[in-house]
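*Asks:* Supplied in structure tokens, the structure appears directly below.
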Amino acid sequence: MQQILPKLTEYFRPRSVATAITLLSKGKGRRVPLAGGTSLALSTSRKITGLLDLSDLKLRYIKESQRSIRIGATAVMKDLCKHAAVDRVAGGVLQQAAHAVGATPTRNLVTVGGNIVQLFFWSSLPVALLALDATIRIQGKSGRRSISAAAFFRSHPKRHLAFHELVTEVVVPKTSSSCGGAFIKFARTHTGYAMLNVACVLERRGRACHNVRLVIGAATALPFRLRKVEDLLENAPLTPSLLEQAKSMTAQIVKPVADMRADPEYRKEVAGVLVKRAIQEAWARAAQTQAVSGGRKRRPTASRKRKSSGGTA
Amino acid sequence: MKITTAINGQKKVLSVEPNDVLLDVLRREGYKGVKEGCRKGTCGACVILLNGKAVNSCLILAVRAAGQQITTIEGLGTPDAPHPLQRTFVDAGAIQCGYCTPGAMLSAKALLDEIPHPSEAQVREALDGNLCRCTGYVKQVQAVLAASRILKR
Ligand SMILES: Cc1cc2nc3c(=O)[nH]c(=O)nc-3n(C[C@H](O)[C@H](O)[C@H](O)COP(=O)(O)OP(=O)(O)OC[C@H]3O[C@@H](n4cnc5c(N)ncnc54)[C@H](O)[C@@H]3O)c2cc1C
């Protein structure tokens with residue numbers, strides 16, 4: 001058994017973000033933030049000498065304002081799974097992505113900040129946050145900054161975050177009731193690592209889709225938007241033939257990598273199928289939310305959640 | 001370093017290294033009901049309750065337990081007065097080799113503490129982080145539902 005973090009000598013539990021940043025700055029990159037710890041507790045890095053536990057920074061919150069939902073960096077996946085406001089955003093796409101992370105005991109630990117900073121090939125939240133056009137708030141020794149999810153995930157976050165910087169919050173814009181969304185994780189089992197992740201957010205106006213945002217993850221190192229497919233769908237009536245076109249276009253665009261779970265040819269084909277399915281699900285949920293404004297109560301989401309995590313193509 | 005925690009309701013002062021994993025520390029302290037399985041957060045054999053929530057103790061550094069409440073399987077019932085889950089797991093035949101049992105039972109306890117009368121789907125979700133290679137899951141689910149009926153009375 002290899003020892004974890006063999007050079008670790010310091011553990012801090014600061015009570016304010018300012019103190020945390022000072023401690024990080026003094027660490028010159030050898031002290032790192034400790035959030036859920038689910039990847040750090042498996043790390044054998046010899047570079048890390050100190051950990052800054054973020055538990056007491058009061059960043060575990062989900063706050064709703066008129067136009068957005070602000071999620072603190074140490075909110076855990078379980079918090080997202082059972083939050084009504086999170087569930088209402090774009091047909092529950094963020095909630096579905098949080099639910100796709102590991103299993104219950106890991107969802108009790110994994111944080112929003114950790115899941116997006118430690119971006120793995122198969123990570124769930126980044127895919128949903130790109131589709132939702134979220135904003136990431138960061139604080140470092142030279143102050144605060146906010147960047148779009150698109151900029152945050154353009155390269156690996158660990159490359160562009162400075163060692164003294166903390167992700168403090170993720171801001172997700174609220175969506176109207178005509179907006180639907182879906183997140184689909186494709187894996188061998190519902191708790192396994194994804195072979196593919198797809199998120200779709202769209203607005204439904206009459207028979208056509210608008211402002212479609214389609215994101216694919218676990219196909220390549222970084223999640224990316226399928227802009228060509230989005231353009232194809234923009235303002236077009238959602239017919240079966242359009243869906244077929246979206247499917248084949250996806251399979252053409254995606255240049256997936258191989259790993260032990262799936263080879264590129266398989267991933268390409270499944271990507272097309274999942275994109276089609278995600279569009280259909282997002283569309284159906286937009287309809288459901290529209291029906292709500294007509295006066296009917298929302299139905300509970302538990303069954304919907306289960307249906308979309310895992311599954312087979 | 002020294003940390004103070006409460007394990008199964010009893011105050012404990014533990015001496016730990018910064019990179020000690022809670023799983024190892026608990027076993028070292030004699031809580032052998034915390035099982036080592038995959039050490040990767042996948043199998044759930046090491047699940048404990050931290051402040052009432054089911055978590056993988058292999059993914060938690062022991063220093064983080066300072067000031068927190070830990071429950072291991074040793075804190076559930078006694079041989080003379082078993083917890084309803086311990087009775088229903090035995091009655092339903094949900095135990096064979098027993099290796100996954102402490103983790104699964106604690107996951108079930110966390111659920112019943114939060115939702116005393118869960119649906120079958122909620123039980124299945126609560127147990128989704130505990131792999132069992134002998135009896136499978138049907139009997140475990142039945143046992144948890146039976147325990148919830150006992151707790152109802
Ligand atoms: C068995 C298992 C299955 C999993 N399955 C999935 C899955 O299917 N999908 C998925 O998306 N994830 C999955 N995960 C979770 C994923 O692998 C990571 O472990 C997790 O996202 C890390 O989050 P954390 O909060 O535990 O971060 P930590 O381990 O605490 O930190 C990870 C890294 O991010 C840095 N960091 C953390 N928070 C901040 C912050 N606020 N600001 C700056 N830097 C920060 C840390 O310094 C560290 O370098 C799984 C994990 C396990 C153990």
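Each chain in the structure tokens gets a letter, A, B and so on, in the order shown; residues start at 1 in every chain, and ligands are counted from 1 in the order they appear.
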Taking only C-alpha atoms and all ligand atoms and a cut-off of 7 Å, can you tell me which residues surround ligand 1, written as number ranges by chain?
*Replies:* A: 32-41, 73-74, 100-103, 106, 109-118, 120, 122-125, 165-168, 191-194; B: 40-42
*Asks:* Could you list the residues in chain B lying within 6 Å of chain A, using only C-alpha atoms, and format the result as number ranges by chain?
*Replies:* B: 54-56, 59, 128-129
*Asks:* Determine which residues of stretch 17-153 of chain B receive a DSSP assignment of alpha helix (DSSP H), computed from the backbone, and state them as a ChimeraX atom specification.
*Replies:* /B:22-28,84-92,101-114,120-126,138-152
*Asks:* Could you list, as a list of chain:residue names, every residue within 9 Å of stretch 242-248 of chain A, counting only C-alpha atoms and ignoring same-chain residues fewer than 5 positions away?
*Replies:*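 So, after excluding close chain neighbours, the residues are A:Val229, A:Glu230, A:Leu232, A:Leu233, A:Ala236, A:Pro237, A:Ile253, A:Glu269, A:Ala271, A:Gly272, A:Val273, A:Leu274, A:Val275, A:Lys276, A:Arg277, A:Ile279, A:Gln280.
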*Asks:* Can you work out the spacing between atom CA of A:Pro126 and atom CA of A:Ala199 in Å, to one decimal?
*Replies:*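 Distance reported for this atom pair: 9.8 Å.
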*Asks:* Could you name the residues that touch B:Gln96 at 12 Å or less, counting only C-alpha atoms, but leaving out those on the same chain fewer than 6 positions away, as a ChimeraX atom specification?
*Replies:* /B:89-90,132-137,139-140
*Asks:* Just write the chosen residues, N, CA and C atoms, as a PDB file, in the first residue's frame.
*Replies:*
```
ATOM      1  N   PHE B  89     -31.924  -7.569   9.486  1.00  0.00           N
ATOM      2  CA  PHE B  89     -30.907  -8.097   8.564  1.00  0.00           C
ATOM      3  C   PHE B  89     -30.751  -9.607   8.786  1.00  0.00           C
ATOM      4  N   VAL B  90     -30.741 -10.030  10.043  1.00  0.00           N
ATOM      5  CA  VAL B  90     -30.608 -11.461  10.341  1.00  0.00           C
ATOM      6  C   VAL B  90     -31.866 -12.205   9.881  1.00  0.00           C
ATOM      7  N   CYS B 132     -22.211  -5.693  -2.221  1.00  0.00           N
ATOM      8  CA  CYS B 132     -22.331  -6.988  -1.555  1.00  0.00           C
ATOM      9  C   CYS B 132     -22.086  -8.054  -2.596  1.00  0.00           C
ATOM     10  N   ARG B 133     -21.223  -9.021  -2.271  1.00  0.00           N
ATOM     11  CA  ARG B 133     -20.930 -10.062  -3.253  1.00  0.00           C
ATOM     12  C   ARG B 133     -21.538 -11.410  -2.871  1.00  0.00           C
ATOM     13  N   CYS B 134     -22.313 -11.477  -1.766  1.00  0.00           N
ATOM     14  CA  CYS B 134     -22.914 -12.775  -1.415  1.00  0.00           C
ATOM     15  C   CYS B 134     -24.421 -12.794  -1.647  1.00  0.00           C
ATOM     16  N   THR B 135     -25.138 -12.130  -0.772  1.00  0.00           N
ATOM     17  CA  THR B 135     -26.598 -12.318  -0.819  1.00  0.00           C
ATOM     18  C   THR B 135     -27.249 -11.472  -1.887  1.00  0.00           C
ATOM     19  N   GLY B 136     -26.553 -10.435  -2.304  1.00  0.00           N
ATOM     20  CA  GLY B 136     -27.207  -9.500  -3.211  1.00  0.00           C
ATOM     21  C   GLY B 136     -27.994  -8.504  -2.399  1.00  0.00           C
ATOM     22  N   TYR B 137     -28.841  -7.801  -3.080  1.00  0.00           N
ATOM     23  CA  TYR B 137     -29.424  -6.612  -2.456  1.00  0.00           C
ATOM     24  C   TYR B 137     -30.894  -6.754  -2.070  1.00  0.00           C
ATOM     25  N   LYS B 139     -32.603  -8.872  -0.328  1.00  0.00           N
ATOM     26  CA  LYS B 139     -32.870  -9.148   1.093  1.00  0.00           C
ATOM     27  C   LYS B 139     -32.472  -7.971   1.974  1.00  0.00           C
ATOM     28  N   GLN B 140     -31.420  -7.269   1.564  1.00  0.00           N
ATOM     29  CA  GLN B 140     -31.039  -6.070   2.338  1.00  0.00           C
ATOM     30  C   GLN B 140     -32.153  -5.030   2.274  1.00  0.00           C
TER      31      GLN B 140
END
```
*Asks:* Find the spatial neighbours of B:His117, counting only C-alpha atoms, within a cut-off of 12 Å - ignore same-chain residues fewer than 6 positions away - and output them as a PDB file with N, CA, C and O atoms, in the first residue's frame.
*Replies:*
```
ATOM      1  N   ALA B 108     -28.034   2.335   5.897  1.00  0.00           N
ATOM      2  CA  ALA B 108     -29.471   2.202   6.149  1.00  0.00           C
ATOM      3  C   ALA B 108     -29.879   3.040   7.359  1.00  0.00           C
ATOM      4  O   ALA B 108     -30.932   3.686   7.356  1.00  0.00           O
ATOM      5  N   LYS B 109     -29.023   3.055   8.370  1.00  0.00           N
ATOM      6  CA  LYS B 109     -29.364   3.839   9.567  1.00  0.00           C
ATOM      7  C   LYS B 109     -29.437   5.332   9.228  1.00  0.00           C
ATOM      8  O   LYS B 109     -30.365   6.027   9.666  1.00  0.00           O
ATOM      9  N   LEU B 111     -30.238   6.625   6.500  1.00  0.00           N
ATOM     10  CA  LEU B 111     -31.502   6.849   5.782  1.00  0.00           C
ATOM     11  C   LEU B 111     -32.684   6.906   6.750  1.00  0.00           C
ATOM     12  O   LEU B 111     -33.483   7.838   6.718  1.00  0.00           O
ATOM     13  N   VAL B 123     -34.659   3.399  -0.344  1.00  0.00           N
ATOM     14  CA  VAL B 123     -33.774   2.414   0.297  1.00  0.00           C
ATOM     15  C   VAL B 123     -32.679   2.000  -0.682  1.00  0.00           C
ATOM     16  O   VAL B 123     -31.495   1.957  -0.352  1.00  0.00           O
ATOM     17  N   VAL B 144     -34.287  -3.491   5.423  1.00  0.00           N
ATOM     18  CA  VAL B 144     -34.393  -2.071   5.788  1.00  0.00           C
ATOM     19  C   VAL B 144     -35.861  -1.661   5.864  1.00  0.00           C
ATOM     20  O   VAL B 144     -36.280  -0.963   6.800  1.00  0.00           O
ATOM     21  N   LEU B 145     -36.651  -2.141   4.923  1.00  0.00           N
ATOM     22  CA  LEU B 145     -38.081  -1.804   4.945  1.00  0.00           C
ATOM     23  C   LEU B 145     -38.754  -2.396   6.189  1.00  0.00           C
ATOM     24  O   LEU B 145     -39.588  -1.744   6.824  1.00  0.00           O
ATOM     25  N   ALA B 146     -38.326  -3.619   6.547  1.00  0.00           N
ATOM     26  CA  ALA B 146     -38.901  -4.245   7.752  1.00  0.00           C
ATOM     27  C   ALA B 146     -38.513  -3.449   8.996  1.00  0.00           C
ATOM     28  O   ALA B 146     -39.332  -3.236   9.897  1.00  0.00           O
ATOM     29  N   ALA B 147     -37.265  -3.001   9.042  1.00  0.00           N
ATOM     30  CA  ALA B 147     -36.824  -2.204  10.200  1.00  0.00           C
ATOM     31  C   ALA B 147     -37.625  -0.910  10.277  1.00  0.00           C
ATOM     32  O   ALA B 147     -37.987  -0.462  11.372  1.00  0.00           O
ATOM     33  N   SER B 148     -37.912  -0.347   9.139  1.00  0.00           N
ATOM     34  CA  SER B 148     -38.674   0.908   9.163  1.00  0.00           C
ATOM     35  C   SER B 148     -40.083   0.663   9.698  1.00  0.00           C
ATOM     36  O   SER B 148     -40.653   1.510  10.374  1.00  0.00           O
ATOM     37  N   ARG B 149     -40.619  -0.524   9.424  1.00  0.00           N
ATOM     38  CA  ARG B 149     -41.950  -0.846   9.984  1.00  0.00           C
ATOM     39  C   ARG B 149     -41.874  -1.032  11.494  1.00  0.00           C
ATOM     40  O   ARG B 149     -42.771  -0.613  12.225  1.00  0.00           O
ATOM     41  N   ILE B 150     -40.770  -1.643  11.963  1.00  0.00           N
ATOM     42  CA  ILE B 150     -40.621  -1.814  13.415  1.00  0.00           C
ATOM     43  C   ILE B 150     -40.505  -0.456  14.091  1.00  0.00           C
ATOM     44  O   ILE B 150     -41.118  -0.195  15.128  1.00  0.00           O
ATOM     45  N   LEU B 151     -39.711   0.417  13.478  1.00  0.00           N
ATOM     46  CA  LEU B 151     -39.510   1.743  14.070  1.00  0.00           C
ATOM     47  C   LEU B 151     -40.797   2.559  14.080  1.00  0.00           C
ATOM     48  O   LEU B 151     -40.973   3.447  14.887  1.00  0.00           O
ATOM     49  N   LYS B 152     -41.695   2.216  13.186  1.00  0.00           N
ATOM     50  CA  LYS B 152     -42.978   2.917  13.081  1.00  0.00           C
ATOM     51  C   LYS B 152     -43.831   2.657  14.323  1.00  0.00           C
ATOM     52  O   LYS B 152     -44.558   3.519  14.778  1.00  0.00           O
ATOM     53  N   ARG B 153     -43.684   1.401  14.816  1.00  0.00           N
ATOM     54  CA  ARG B 153     -44.578   1.020  15.908  1.00  0.00           C
ATOM     55  C   ARG B 153     -44.273   1.749  17.205  1.00  0.00           C
ATOM     56  O   ARG B 153     -43.168   2.182  17.438  1.00  0.00           O
TER      57      ARG B 153
END
```
*Asks:* Which residue out of A:Leu238, A:Val257, A:Ile216, A:Ala150 has the minimum interatomic distance to A:Asp133 when only C-alpha atoms are used?
*Replies:* A:Ala150
*Asks:* Give me every strand (DSSP E) residue in stretch 34-270 of chain A, going by DSSP on the backbone, as an MDAnalysis selection string.
*Replies:* chainID A and resid 34 50:53 62:64 68:72 135:140 143:148 166:173 179:186 196:205 208:217 224:225
*Asks:* Write out as an NGL selection string the residues lying within 12 Å of B:Glu74, counting only C-alpha atoms and excluding same-chain residues fewer than 3 positions away.
*Replies:* :B and (7-10 or 26-27 or 30-34 or 48-49 or 70-71 or 77-79 or 82-83 or 86 or 102-103 or 105-106)
*Asks:* Filtering to C-alpha atoms, could you give me those residues as a compact mmCIF listing (two decimals), in the first residue's frame?
*Replies:*
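Contents of selection_39.txt, as written:
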```txt
# COMPACT_ATOMS: atom_id res chain seq x y z
CA ILE B 7 -17.05 7.92 18.78
CA ASN B 8 -20.34 6.17 19.42
CA GLY B 9 -21.21 8.86 21.92
CA GLN B 10 -17.98 8.57 23.87
CA LEU B 26 -10.61 3.65 13.71
CA ARG B 27 -9.36 0.12 13.19
CA GLY B 30 -10.25 -1.24 18.00
CA TYR B 31 -13.31 -0.43 15.92
CA LYS B 32 -12.82 -3.49 13.76
CA GLY B 33 -16.36 -3.29 12.46
CA VAL B 34 -15.03 -0.64 10.08
CA ILE B 48 -19.26 5.15 8.97
CA LEU B 49 -21.57 7.94 10.03
CA ILE B 70 -18.58 9.39 14.57
CA THR B 71 -20.80 6.32 14.62
CA GLY B 77 -27.36 -1.92 19.52
CA THR B 78 -25.92 -4.60 21.82
CA PRO B 79 -26.02 -8.40 21.61
CA PRO B 82 -29.91 -5.28 18.92
CA HIS B 83 -30.95 -2.33 16.80
CA GLN B 86 -29.59 -5.79 13.17
CA PRO B 102 -21.50 -2.86 8.87
CA GLY B 103 -21.29 -0.38 6.00
CA MET B 105 -26.34 -1.18 7.91
CA LEU B 106 -24.91 2.23 8.68
```
*Asks:* Do you know which residues are at most 7 Å from A:Ala282 counting only C-alpha atoms, after dropping those on the same chain fewer than 3 positions away, and could you put them as a list in words?
*Replies:*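 Surrounding residues, per the criterion: Gly91, Gly180, Gly181, Ala182, Cys200, Val201, Leu202, Ala278, Ile279, Arg285 and Ala286 of chain A.
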*Asks:* Could you jot down the atom CA of B:Leu14 to atom CA of B:Gln68 separation for me, Å, one decimal place?
*Replies:*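 According to the coordinates, atom CA of B:Leu14 and atom CA of B:Gln68 are separated by 12.5 Å.
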